[in-house]
Amino acid sequence: MKFAHGARVIGVGAGLPQVVVTNFDLEKLVDTSDEWIKTRTGISERRIASDEETTSQLAIAAAQDAIGFSGINPEDIELIVVATSTPDNLYPSTACMVQGAIGAKRAAAFDMEAACTGIVYALAVAQQFIGSGTFKCALVIGVDIHSRFLNWSDRNTCILFGDGAGAFILQATEKNEMLGTYLRADGTGGHLLHIPNTGSAYPHAGVTPPQATHGFLEMNGRAIYEFAVNAVPEAVRAACAEAGISVEDVDFLIPHQANMRIIKSAAERLGMAAEKIVSNVGEMGNTSAASIPLAMWQAIRRGQIKEGSTCALVGFGGGLTWGAAIVKWTAVDQRQTNADEKTTKKEAKI
Ligand code: UT7
């Protein structure tokens with residue numbers, strides 16, 4: 001699609017809970033083992049939000065980190081889009097909470113939900129506003145605290161997820177660096193990955209708070225696995241075609257971090273060498289809408305992604321939804337930081 005104005009990513013940031021929960025910690029909760037989790041998923045540990053840490057707080061931390069990276073003033077931001085399935089409350093939106101907290105006085109703000117693909121959808125939405133000339137600067141955040149919606153006695157799901165937030169700053173530019181996007185959905189597969197009893201269809205909605213409780217994430221893991229290994233290559237190929245480049249021109253594949261086996265299988269199907277894969281699933285688990293920006297944030301800090309790299313950001317998840325964005329990374333960290341990650345760790349208390 002041709003836009004009247006170009007867009008580029010000028011900053012990336014992260015907001016992470018402090019507590020690290022290892023596979024060994026989970027061995028104490030459910031009938032599982034570090035060996036099973038590592039072999040089947042590639043995950044060793046994940047961050048889990050404490051009772052005091054909220055979705056909006058993680059989103060605000062990621063926003064501030066990305067603002068610092070890009071060197072912009074919060075008042076430059078004209079649009080805030082937050083992708084989340086796990087907001088603090090139904091409203092006010094997480095985006096409005098971020099807007100107020102960071103002092104983005106000129107910004108419009110709203111949330112959108114496309115589960116783990118949310119950040120790709122949110123980038124595409126922000127690009128539309130910038131491409132049309134409506135706004136010049138956008139803050140796009142993917143954030144989730146899935147741990148609050150997990151059944152901690154279900155070994156099929158509780159070992160997979162982590163919590164976190166990742167943010168991008170997008171700016172209007174003459175030379176477009178957001179080269180192509182592709183978004184798809186298939187609502188007939190919604191039941192394969194869902195969190196029932198959390199919305200207005202919830203039959204106990206009128207019950208007095210102490211008795212009311214919400215539902216937990218339910219998933220057909222095998223079906224989602226099979227969907228993902230096809231959806232990722234489809235989305236990357238289609239977004240590359242939209243960008244007018246071939247898959248071989250992609251320097252880095254930055255997929256939704258759900259399972260290392262899904263990531264490797266998709267890369268093989270695309271004919272991509274292992275060195276092109278960006279992954280932090282081992283240390284973060286599946287952070288849902290946050291996983292792509294968090295993986296990119298770490299890869300930039302570690303020097304894996306360099307200026308001029310062409311990156312394929314590709315997501316899949318509940319809805320079902322899937323999609324990809326081809327982004328040329330040309331930004332420079334305005335803080336000129338070294339490689340330390342501001343990620344104070346605490347031991348899990350399980
Ligand atoms: O954002 C998208 C979110 N979801 C996903 O991306 C999930 C996609 N799916 C997957 O990643 C994989 O399907 C899983 C990691 C969830 C499961 O791996 P799998 O290789 O598909 O295993 P499976 O479900 O076929 O289960 C194999 C066995 C079963 O035992 P039996 O029936 O063969 O005796 C499970 O009960 O492994 C058992 N199992 C476990 N064992 C130890 C399932 N979970 C665990 C566990 N620890 N945590």
# chains A, B, ... in the order shown; residues from 1 in each chain; ligands from 1
>>> residues_around(residues="stretch 90-94 of chain A", least_positions_apart="3", cutoff="6 Å", atoms="only C-alpha atoms", output="list in words")
Ser56, Met97 and Asp111 of chain A
>>> write_last_selection(atoms="all heavy atoms", output="CSV table (one decimal), in the first residue's frame")
chain,number,residue,atom,x,y,z
A,56,SER,N,-1.0,-1.4,33.4
A,56,SER,CA,-0.7,0.0,33.1
A,56,SER,C,0.7,0.4,33.6
A,56,SER,O,1.4,1.1,32.9
A,56,SER,CB,-1.8,0.9,33.7
A,56,SER,OG,-1.9,0.7,35.1
A,97,MET,N,-4.5,5.6,30.5
A,97,MET,CA,-3.7,5.7,31.7
A,97,MET,C,-2.2,6.0,31.4
A,97,MET,O,-1.6,6.8,32.1
A,97,MET,CB,-3.7,4.3,32.4
A,97,MET,CG,-5.2,4.0,32.9
A,97,MET,SD,-5.4,2.4,33.6
A,97,MET,CE,-4.8,2.6,35.2
A,111,ASP,N,-7.1,1.6,23.3
A,111,ASP,CA,-6.6,0.2,23.3
A,111,ASP,C,-7.2,-0.5,22.2
A,111,ASP,O,-8.3,-0.2,21.7
A,111,ASP,CB,-7.1,-0.5,24.6
A,111,ASP,CG,-6.4,-0.1,25.8
A,111,ASP,OD1,-5.5,0.9,25.8
A,111,ASP,OD2,-6.6,-0.6,26.9
>>> residues_around(residues="A:Val247", least_positions_apart="6", cutoff="9 Å", atoms="only C-alpha atoms", output="number ranges by chain")
A: 236-237, 240-241, 270-272
>>> select_by_dssp(residues="stretch 172-298 of chain A", states="alpha helix (DSSP H)", output="mmCIF file with N, CA, C and O atoms, in the first residue's frame")
data_model
loop_
_atom_site.group_PDB
_atom_site.id
_atom_site.type_symbol
_atom_site.label_atom_id
_atom_site.label_comp_id
_atom_site.auth_asym_id
_atom_site.auth_seq_id
_atom_site.Cartn_x
_atom_site.Cartn_y
_atom_site.Cartn_z
ATOM 1 N N GLY A 221 -3.492 -26.731 22.711
ATOM 2 C CA GLY A 221 -2.095 -26.456 22.359
ATOM 3 C C GLY A 221 -1.678 -27.011 21.013
ATOM 4 O O GLY A 221 -1.021 -26.337 20.218
ATOM 5 N N ARG A 222 -2.068 -28.242 20.748
ATOM 6 C CA ARG A 222 -1.686 -28.893 19.475
ATOM 7 C C ARG A 222 -2.262 -28.113 18.276
ATOM 8 O O ARG A 222 -1.581 -27.859 17.284
ATOM 9 N N ALA A 223 -3.566 -27.735 18.392
ATOM 10 C CA ALA A 223 -4.217 -27.028 17.280
ATOM 11 C C ALA A 223 -3.557 -25.665 17.044
ATOM 12 O O ALA A 223 -3.341 -25.255 15.895
ATOM 13 N N ILE A 224 -3.213 -24.981 18.133
ATOM 14 C CA ILE A 224 -2.566 -23.668 17.985
ATOM 15 C C ILE A 224 -1.171 -23.848 17.372
ATOM 16 O O ILE A 224 -0.730 -23.063 16.524
ATOM 17 N N TYR A 225 -0.504 -24.898 17.778
ATOM 18 C CA TYR A 225 0.832 -25.194 17.222
ATOM 19 C C TYR A 225 0.742 -25.359 15.703
ATOM 20 O O TYR A 225 1.495 -24.748 14.939
ATOM 21 N N GLU A 226 -0.223 -26.176 15.272
ATOM 22 C CA GLU A 226 -0.352 -26.441 13.823
ATOM 23 C C GLU A 226 -0.748 -25.179 13.060
ATOM 24 O O GLU A 226 -0.241 -24.911 11.977
ATOM 25 N N PHE A 227 -1.640 -24.398 13.648
ATOM 26 C CA PHE A 227 -2.033 -23.112 13.039
ATOM 27 C C PHE A 227 -0.796 -22.205 12.902
ATOM 28 O O PHE A 227 -0.542 -21.628 11.842
ATOM 29 N N ALA A 228 0.009 -22.137 13.975
ATOM 30 C CA ALA A 228 1.129 -21.184 14.009
ATOM 31 C C ALA A 228 2.204 -21.515 12.968
ATOM 32 O O ALA A 228 2.731 -20.610 12.313
ATOM 33 N N VAL A 229 2.523 -22.791 12.812
ATOM 34 C CA VAL A 229 3.626 -23.111 11.902
ATOM 35 C C VAL A 229 3.261 -22.822 10.442
ATOM 36 O O VAL A 229 4.144 -22.677 9.594
ATOM 37 N N ASN A 230 1.963 -22.704 10.144
ATOM 38 C CA ASN A 230 1.540 -22.288 8.801
ATOM 39 C C ASN A 230 1.343 -20.777 8.717
ATOM 40 O O ASN A 230 1.682 -20.147 7.714
ATOM 41 N N ALA A 231 0.766 -20.205 9.787
ATOM 42 C CA ALA A 231 0.423 -18.773 9.765
ATOM 43 C C ALA A 231 1.674 -17.890 9.677
ATOM 44 O O ALA A 231 1.675 -16.867 8.984
ATOM 45 N N VAL A 232 2.741 -18.271 10.383
ATOM 46 C CA VAL A 232 3.946 -17.424 10.404
ATOM 47 C C VAL A 232 4.558 -17.302 8.991
ATOM 48 O O VAL A 232 4.766 -16.182 8.502
ATOM 49 N N PRO A 233 4.836 -18.421 8.296
ATOM 50 C CA PRO A 233 5.389 -18.274 6.946
ATOM 51 C C PRO A 233 4.452 -17.539 5.985
ATOM 52 O O PRO A 233 4.891 -16.697 5.205
ATOM 53 N N GLU A 234 3.140 -17.812 6.110
ATOM 54 C CA GLU A 234 2.176 -17.127 5.227
ATOM 55 C C GLU A 234 2.274 -15.612 5.417
ATOM 56 O O GLU A 234 2.358 -14.854 4.449
ATOM 57 N N ALA A 235 2.278 -15.177 6.679
ATOM 58 C CA ALA A 235 2.283 -13.736 6.966
ATOM 59 C C ALA A 235 3.591 -13.081 6.523
ATOM 60 O O ALA A 235 3.588 -11.982 5.964
ATOM 61 N N VAL A 236 4.720 -13.767 6.762
ATOM 62 C CA VAL A 236 6.010 -13.161 6.376
ATOM 63 C C VAL A 236 6.096 -13.037 4.850
ATOM 64 O O VAL A 236 6.475 -11.984 4.327
ATOM 65 N N ARG A 237 5.693 -14.093 4.157
ATOM 66 C CA ARG A 237 5.749 -14.037 2.679
ATOM 67 C C ARG A 237 4.857 -12.918 2.148
ATOM 68 O O ARG A 237 5.252 -12.158 1.264
ATOM 69 N N ALA A 238 3.646 -12.808 2.701
ATOM 70 C CA ALA A 238 2.703 -11.802 2.199
ATOM 71 C C ALA A 238 3.182 -10.383 2.526
ATOM 72 O O ALA A 238 3.057 -9.477 1.690
ATOM 73 N N ALA A 239 3.735 -10.176 3.720
ATOM 74 C CA ALA A 239 4.219 -8.833 4.085
ATOM 75 C C ALA A 239 5.435 -8.460 3.237
ATOM 76 O O ALA A 239 5.600 -7.299 2.848
ATOM 77 N N CYS A 240 6.293 -9.438 2.945
ATOM 78 C CA CYS A 240 7.450 -9.178 2.060
ATOM 79 C C CYS A 240 6.956 -8.780 0.672
ATOM 80 O O CYS A 240 7.481 -7.846 0.055
ATOM 81 N N ALA A 241 5.936 -9.492 0.170
ATOM 82 C CA ALA A 241 5.397 -9.170 -1.165
ATOM 83 C C ALA A 241 4.852 -7.738 -1.151
ATOM 84 O O ALA A 241 5.088 -6.958 -2.080
ATOM 85 N N GLU A 242 4.154 -7.387 -0.068
ATOM 86 C CA GLU A 242 3.608 -6.024 0.060
ATOM 87 C C GLU A 242 4.747 -4.988 0.080
ATOM 88 O O GLU A 242 4.624 -3.892 -0.458
ATOM 89 N N ALA A 243 5.869 -5.378 0.702
ATOM 90 C CA ALA A 243 7.022 -4.470 0.814
ATOM 91 C C ALA A 243 7.845 -4.425 -0.479
ATOM 92 O O ALA A 243 8.738 -3.588 -0.615
ATOM 93 N N MET A 260 9.895 -22.210 21.053
ATOM 94 C CA MET A 260 11.075 -22.254 20.178
ATOM 95 C C MET A 260 10.889 -23.246 19.032
ATOM 96 O O MET A 260 11.407 -23.044 17.941
ATOM 97 N N ARG A 261 10.095 -24.314 19.272
ATOM 98 C CA ARG A 261 9.871 -25.285 18.185
ATOM 99 C C ARG A 261 9.035 -24.657 17.072
ATOM 100 O O ARG A 261 9.291 -24.889 15.900
ATOM 101 N N ILE A 262 8.041 -23.857 17.437
ATOM 102 C CA ILE A 262 7.233 -23.162 16.414
ATOM 103 C C ILE A 262 8.122 -22.207 15.631
ATOM 104 O O ILE A 262 8.093 -22.141 14.401
ATOM 105 N N ILE A 263 8.967 -21.464 16.354
ATOM 106 C CA ILE A 263 9.823 -20.460 15.719
ATOM 107 C C ILE A 263 10.779 -21.131 14.730
ATOM 108 O O ILE A 263 10.917 -20.703 13.583
ATOM 109 N N LYS A 264 11.421 -22.227 15.182
ATOM 110 C CA LYS A 264 12.403 -22.900 14.302
ATOM 111 C C LYS A 264 11.714 -23.519 13.086
ATOM 112 O O LYS A 264 12.229 -23.436 11.966
ATOM 113 N N SER A 265 10.558 -24.131 13.313
ATOM 114 C CA SER A 265 9.842 -24.763 12.208
ATOM 115 C C SER A 265 9.430 -23.709 11.177
ATOM 116 O O SER A 265 9.567 -23.911 9.965
ATOM 117 N N ALA A 266 8.930 -22.553 11.646
ATOM 118 C CA ALA A 266 8.513 -21.494 10.724
ATOM 119 C C ALA A 266 9.718 -20.956 9.948
ATOM 120 O O ALA A 266 9.634 -20.723 8.732
ATOM 121 N N ALA A 267 10.846 -20.773 10.643
ATOM 122 C CA ALA A 267 12.051 -20.270 9.968
ATOM 123 C C ALA A 267 12.509 -21.263 8.892
ATOM 124 O O ALA A 267 12.876 -20.862 7.782
ATOM 125 N N GLU A 268 12.460 -22.546 9.222
ATOM 126 C CA GLU A 268 12.856 -23.565 8.225
ATOM 127 C C GLU A 268 11.950 -23.508 7.010
ATOM 128 O O GLU A 268 12.408 -23.559 5.877
ATOM 129 N N ARG A 269 10.628 -23.385 7.257
ATOM 130 C CA ARG A 269 9.683 -23.314 6.137
ATOM 131 C C ARG A 269 9.950 -22.094 5.258
ATOM 132 O O ARG A 269 9.656 -22.094 4.071
ATOM 133 N N VAL A 281 12.505 -16.258 24.069
ATOM 134 C CA VAL A 281 11.475 -17.070 24.724
ATOM 135 C C VAL A 281 12.053 -17.830 25.920
ATOM 136 O O VAL A 281 11.362 -18.069 26.908
ATOM 137 N N GLY A 282 13.342 -18.174 25.863
ATOM 138 C CA GLY A 282 13.993 -18.912 26.941
ATOM 139 C C GLY A 282 13.925 -18.185 28.269
ATOM 140 O O GLY A 282 13.724 -18.786 29.317
ATOM 141 N N GLU A 283 14.064 -16.864 28.233
ATOM 142 C CA GLU A 283 14.089 -16.108 29.492
ATOM 143 C C GLU A 283 12.813 -15.319 29.786
ATOM 144 O O GLU A 283 12.653 -14.809 30.906
ATOM 145 N N MET A 284 11.915 -15.208 28.792
ATOM 146 C CA MET A 284 10.687 -14.410 28.998
ATOM 147 C C MET A 284 9.419 -15.251 28.914
ATOM 148 O O MET A 284 8.361 -14.772 29.307
ATOM 149 N N SER A 291 5.558 -9.671 23.303
ATOM 150 C CA SER A 291 6.716 -10.529 23.024
ATOM 151 C C SER A 291 7.583 -10.030 21.872
ATOM 152 O O SER A 291 8.803 -10.121 21.931
ATOM 153 N N ILE A 292 6.963 -9.485 20.822
ATOM 154 C CA ILE A 292 7.765 -9.035 19.663
ATOM 155 C C ILE A 292 8.621 -7.810 20.024
ATOM 156 O O ILE A 292 9.842 -7.820 19.802
ATOM 157 N N PRO A 293 8.022 -6.732 20.600
ATOM 158 C CA PRO A 293 8.902 -5.612 20.971
ATOM 159 C C PRO A 293 9.942 -5.970 22.022
ATOM 160 O O PRO A 293 11.056 -5.452 21.988
ATOM 161 N N LEU A 294 9.599 -6.877 22.957
ATOM 162 C CA LEU A 294 10.600 -7.269 23.969
ATOM 163 C C LEU A 294 11.768 -8.022 23.321
ATOM 164 O O LEU A 294 12.930 -7.816 23.687
ATOM 165 N N ALA A 295 11.470 -8.888 22.352
ATOM 166 C CA ALA A 295 12.538 -9.631 21.666
ATOM 167 C C ALA A 295 13.407 -8.659 20.868
ATOM 168 O O ALA A 295 14.641 -8.753 20.863
ATOM 169 N N MET A 296 12.771 -7.689 20.217
ATOM 170 C CA MET A 296 13.516 -6.722 19.405
ATOM 171 C C MET A 296 14.363 -5.819 20.301
ATOM 172 O O MET A 296 15.535 -5.549 20.012
ATOM 173 N N TRP A 297 13.788 -5.397 21.410
ATOM 174 C CA TRP A 297 14.492 -4.531 22.386
ATOM 175 C C TRP A 297 15.778 -5.212 22.862
ATOM 176 O O TRP A 297 16.841 -4.602 22.889
ATOM 177 N N GLN A 298 15.668 -6.493 23.200
ATOM 178 C CA GLN A 298 16.859 -7.201 23.686
ATOM 179 C C GLN A 298 17.882 -7.379 22.575
ATOM 180 O O GLN A 298 19.082 -7.220 22.795
#
>>> residues_near_ligand(ligand="ligand 1", cutoff="7 Å", atoms="only C-alpha atoms and all ligand atoms", output="list in words")
Asp31, Thr32, Ser33, Trp36, Ile37, Arg40, Thr41, Cys116, Arg155, Asn156, Thr157, Ile159, Gly221, Arg222, Ile224, Tyr225, Ala258, Asn259, Asn286, Ser288, Phe316, Gly317 and Gly318 of chain A
>>> residues_around(residues="stretch 133-136 of chain A", least_positions_apart="5", cutoff="6 Å", atoms="only C-alpha atoms", output="PDB file with C-alpha atoms, in the first residue's frame")
ATOM      1  CA  GLU A  78      -0.046  12.605  19.007  1.00  0.00           C
ATOM      2  CA  GLN A 171       7.603   9.028  13.562  1.00  0.00           C
ATOM      3  CA  ALA A 172       6.678  10.524  10.186  1.00  0.00           C
TER       4      ALA A 172
END
>>> residues_around(residues="A:Asp88", least_positions_apart="6", cutoff="12 Å", atoms="only C-alpha atoms", output="ChimeraX atom specification")
/A:51-59,94-98,111,143-146,148
